[in-house]
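K.L.:
What follows is query_17.csv; its format and atoms are CSV, C-alpha atoms.
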```
chain,number,residue,atom,x,y,z
U,578,MET,CA,-21.7,129.8,86.7
U,579,GLU,CA,-18.8,127.5,87.7
U,580,ARG,CA,-17.2,130.4,89.5
U,581,ILE,CA,-20.0,130.6,92.0
U,582,GLU,CA,-18.8,129.1,95.2
U,583,GLY,CA,-19.6,125.4,95.3
U,584,TRP,CA,-21.0,125.3,91.8
U,585,ARG,CA,-18.5,122.7,90.5
U,586,ALA,CA,-19.6,120.4,93.3
U,587,LEU,CA,-23.0,120.1,91.6
U,588,GLY,CA,-21.4,118.1,88.8
U,589,ASP,CA,-21.1,118.6,85.1
U,590,ASN,CA,-24.0,119.7,83.0
U,591,VAL,CA,-26.3,120.3,86.0
U,592,ILE,CA,-28.5,122.8,84.0
U,593,GLU,CA,-28.8,120.4,81.1
U,594,THR,CA,-29.8,117.6,83.5
U,595,ILE,CA,-32.5,119.8,85.1
U,596,ILE,CA,-33.9,120.7,81.7
U,597,ASN,CA,-33.8,117.1,80.5
U,598,LYS,CA,-35.5,115.8,83.7
U,599,SER,CA,-38.1,118.6,83.4
U,600,GLU,CA,-39.0,117.6,79.9
U,601,LYS,CA,-39.1,113.9,80.8
U,602,VAL,CA,-41.4,114.6,83.8
U,603,LYS,CA,-43.7,116.7,81.6
U,604,ALA,CA,-43.9,114.0,79.0
U,605,LEU,CA,-44.7,111.3,81.6
U,606,LYS,CA,-47.3,113.6,83.2
U,607,GLN,CA,-48.9,114.3,79.8
U,608,LYS,CA,-49.0,110.6,79.1
U,609,ALA,CA,-50.7,110.0,82.5
U,610,LYS,CA,-53.4,112.5,81.5
U,611,ASP,CA,-54.0,110.6,78.3
U,612,GLU,CA,-53.8,107.0,79.6
U,613,GLU,CA,-53.1,105.0,82.7
U,614,LEU,CA,-49.4,104.7,83.5
U,615,SER,CA,-47.9,101.3,84.2
U,616,ALA,CA,-46.3,100.6,87.6
U,617,ARG,CA,-42.9,100.9,86.1
U,618,GLU,CA,-43.8,104.3,84.5
U,619,LYS,CA,-45.2,105.6,87.7
U,620,LYS,CA,-42.1,104.6,89.5
U,621,GLU,CA,-40.0,106.2,86.8
U,622,LEU,CA,-42.0,109.4,87.0
U,623,SER,CA,-41.6,109.5,90.8
U,624,ALA,CA,-37.8,109.0,90.5
U,625,GLU,CA,-37.4,111.6,87.8
U,626,GLU,CA,-39.5,114.1,89.7
U,627,LYS,CA,-37.5,113.5,92.8
U,628,GLU,CA,-34.1,113.9,91.0
U,629,TYR,CA,-35.4,117.0,89.1
U,630,ARG,CA,-36.5,118.7,92.3
U,631,SER,CA,-33.3,117.8,94.1
U,632,LYS,CA,-31.1,119.3,91.4
U,633,ARG,CA,-33.2,122.4,91.2
U,634,LYS,CA,-32.9,122.8,95.0
U,635,LEU,CA,-29.1,122.5,94.8
U,636,VAL,CA,-28.9,125.1,92.1
U,637,GLN,CA,-31.2,127.4,94.1
U,638,GLU,CA,-29.0,127.0,97.1
U,639,LYS,CA,-25.9,127.9,95.1
U,640,LEU,CA,-27.6,131.0,93.6
U,641,ILE,CA,-28.7,132.0,97.1
U,642,LYS,CA,-25.2,131.7,98.3
U,643,PHE,CA,-24.1,134.0,95.5
U,644,ALA,CA,-26.9,136.4,96.3
U,645,THR,CA,-25.8,136.7,99.9
U,646,ARG,CA,-22.5,138.1,98.6
U,647,ILE,CA,-24.2,141.1,96.8
U,648,PRO,CA,-24.9,143.0,100.1
U,649,ALA,CA,-21.3,142.5,101.1
U,650,PHE,CA,-20.3,144.0,97.8
U,651,MET,CA,-22.8,146.9,98.2
U,652,TYR,CA,-21.5,147.6,101.7
U,653,LEU,CA,-17.9,147.8,100.5
U,654,THR,CA,-18.5,150.2,97.7
U,655,ASP,CA,-18.9,154.0,98.2
U,656,PHE,CA,-20.8,154.6,94.9
U,657,ARG,CA,-24.2,155.2,96.4
U,658,GLU,CA,-25.6,157.5,93.6
U,659,ASN,CA,-24.9,154.9,90.9
U,660,THR,CA,-26.9,151.9,90.0
U,661,LEU,CA,-25.6,148.6,91.2
U,662,GLN,CA,-25.3,147.4,87.6
U,663,ASP,CA,-23.0,150.3,86.8
U,664,VAL,CA,-21.0,149.8,90.0
U,665,ILE,CA,-20.5,146.1,89.1
U,666,THR,CA,-19.8,146.6,85.4
U,667,LYS,CA,-18.1,150.0,85.2
U,668,LEU,CA,-16.9,151.4,88.5
U,669,GLU,CA,-15.7,148.5,90.6
U,670,PRO,CA,-15.5,145.3,88.6
U,671,GLU,CA,-12.4,144.2,90.5
U,672,LEU,CA,-14.1,144.5,93.8
U,673,PHE,CA,-17.1,142.5,92.5
U,674,LEU,CA,-14.7,139.8,91.3
U,675,THR,CA,-13.0,139.7,94.7
U,676,VAL,CA,-16.3,139.6,96.7
U,677,THR,CA,-18.3,137.2,94.5
U,678,GLY,CA,-15.7,135.4,92.4
U,679,LEU,CA,-17.5,136.5,89.2
U,680,THR,CA,-16.3,138.7,86.4
U,681,VAL,CA,-18.3,141.3,84.6
U,682,GLN,CA,-18.9,138.8,81.7
U,683,ASP,CA,-20.3,136.3,84.3
U,684,PHE,CA,-22.6,139.0,85.6
U,685,HIS,CA,-23.8,139.8,82.1
U,686,LEU,CA,-24.5,136.1,81.5
U,687,LEU,CA,-26.5,135.9,84.7
U,688,VAL,CA,-28.5,139.0,83.7
U,689,GLN,CA,-29.0,137.5,80.2
U,690,LEU,CA,-30.3,134.3,81.8
U,691,LYS,CA,-32.7,136.4,83.9
U,692,VAL,CA,-31.3,135.3,87.2
U,693,PHE,CA,-32.1,138.7,88.6
U,694,ASN,CA,-35.7,139.9,88.9
U,695,THR,CA,-35.3,143.7,88.3
U,696,GLU,CA,-38.2,144.8,90.5
U,697,GLN,CA,-37.2,142.6,93.4
U,698,MET,CA,-33.5,143.6,93.0
U,699,ASN,CA,-34.5,147.3,93.1
U,700,ALA,CA,-36.6,146.8,96.2
U,701,ALA,CA,-33.8,144.7,97.8
U,702,VAL,CA,-31.1,147.3,97.1
U,703,PHE,CA,-33.4,150.1,98.4
U,704,ALA,CA,-34.1,148.2,101.6
U,705,PHE,CA,-30.4,147.4,102.1
U,706,ARG,CA,-29.4,151.1,101.7
U,707,ARG,CA,-32.2,152.2,104.0
U,708,TYR,CA,-31.2,149.7,106.8
U,709,GLU,CA,-27.5,150.4,106.3
U,710,ASP,CA,-28.0,154.2,106.7
U,711,ALA,CA,-30.3,153.7,109.7
U,712,SER,CA,-27.7,151.4,111.5
U,713,LEU,CA,-24.9,153.9,110.7
U,714,ARG,CA,-27.0,156.8,112.0
U,715,TYR,CA,-27.7,154.8,115.1
U,716,THR,CA,-24.0,154.7,115.8
U,717,GLY,CA,-23.6,158.4,115.1
U,718,ILE,CA,-22.1,158.0,111.7
U,719,ALA,CA,-23.4,160.0,108.8
U,720,SER,CA,-22.6,157.7,106.0
U,721,HIS,CA,-22.9,160.0,103.0
U,722,PRO,CA,-23.7,163.6,104.0
U,723,GLY,CA,-25.4,165.5,101.1
U,724,LEU,CA,-26.4,162.4,99.2
U,725,THR,CA,-29.3,163.5,97.0
U,726,HIS,CA,-29.8,160.3,94.9
U,727,ILE,CA,-29.6,156.6,95.7
U,728,GLY,CA,-28.7,154.1,93.0
U,729,LEU,CA,-30.8,150.9,93.1
U,730,TYR,CA,-30.2,147.9,90.9
U,731,ASP,CA,-30.9,149.4,87.5
U,732,THR,CA,-32.4,152.8,88.4
U,733,VAL,CA,-31.6,155.9,90.5
U,734,VAL,CA,-34.1,157.6,92.9
U,735,ALA,CA,-34.0,161.0,94.4
U,736,MET,CA,-33.8,161.3,98.2
U,737,ALA,CA,-36.7,163.0,100.0
```
Just dump the structure as structure tokens.

P.N.:
Amino acid sequence: MERIEGWRALGDNVIETIINKSEKVKALKQKAKDEELSAREKKELSAEEKEYRSKRKLVQEKLIKFATRIPAFMYLTDFRENTLQDVITKLEPELFLTVTGLTVQDFHLLVQLKVFNTEQMNAAVFAFRRYEDASLRYTGIASHPGLTHIGLYDTVVAMA
């Protein structure tokens, strides 16, 4: 995660902090359901919630910044009939490292942490490929003549 641009600026143990703040907020909210919170506890809950949301937002921003690099990677590779996962992990890992700053092992970790929603990634890759082809056709360039299949994130679909 630290290889994602700007991640180190978030500080050490940002994920652990988010988890701990989340648990503390949950505990205080549960206590509020059972009994009235003191003024100090209400103030603490508000501060903890604010910090928790702030840290989550920062992590989201960094992951979004990483996600914006994926289309650049897709644009630079010519492996249209292979899944994006295969292109990243098997066919062009060096290009992926250059564009995103992440290794294949980093990518596997992000997959394991469920950073990528498979259905959304398949839809996003399909939309990117469709828009890329349309813009190239508009300029008179046939990007990949004879292409019969398109690789999405983790699946391949036949062209109509």

K.L.:
Please provide the set of residues having any atom within 9 Å of U:Leu605, restricted to all atoms listed in the file, with same-chain residues fewer than 5 positions apart removed, written as a list in words.

P.N.:
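Those residues are Glu600, Lys610, Leu614, Glu618, Lys619, Glu621 and Leu622 of chain U.
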
K.L.:
In terms of the shortest atom-to-atom distance over only C-alpha atoms, which of U:Val733, U:Asn659, U:Thr680, U:Phe693 is closest to U:Ile641?

P.N.:
U:Phe693

K.L.:
Nearest to U:Asp710: which of U:Phe673, U:Tyr652, U:Tyr629, U:Phe684 is it, counting all atoms listed in the file?

P.N.:
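Distance minimum relative to U:Asp710 lands on U:Tyr652.
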
K.L.:
Which polymer residues have any atom within 8 Å of an atom of U:Thr695, counting only C-alpha atoms, with same-chain residues fewer than 2 positions away left out, as a ChimeraX atom specification?

P.N.:
/U:693,697-699,730-731

K.L.:
Using only C-alpha atoms, can you tell me which of U:Thr732, U:Gln682, U:Thr645, U:Thr677 comes closest to U:Phe703?

P.N.:
U:Thr732

K.L.:
Under the rule that all atoms listed in the file are counted, which of U:Ala649, U:Glu696, U:Thr725, U:His685 is the nearest residue to U:Glu709?

P.N.:
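Comparing U:Ala649, U:Glu696, U:Thr725, U:His685 against U:Glu709, the winner is U:Ala649.
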
K.L.:
Find the distance between atom CA of U:Leu672 and atom CA of U:Met651 and write it in Å to one decimal.

P.N.:
10.0 Å

K.L.:
Could you tell me which of U:Phe656, U:Ser623, U:Phe650, U:Pro670 comes closest to U:Asp683 if we count all atoms listed in the file?

P.N.:
U:Pro670

K.L.:
To one decimal place, how far is atom CA of U:Gly723 from atom CA of U:Arg707 in Å?

P.N.:
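Result for atom CA of U:Gly723 versus atom CA of U:Arg707: 15.2 Å, one decimal.
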
K.L.:
Looking at U:Arg633, U:Gly717, U:Pro648, U:Tyr708, which one is nearest to U:Leu661, with distances taken over only C-alpha atoms?

P.N.:
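Answer, going by the shortest atom-to-atom distance: U:Pro648.
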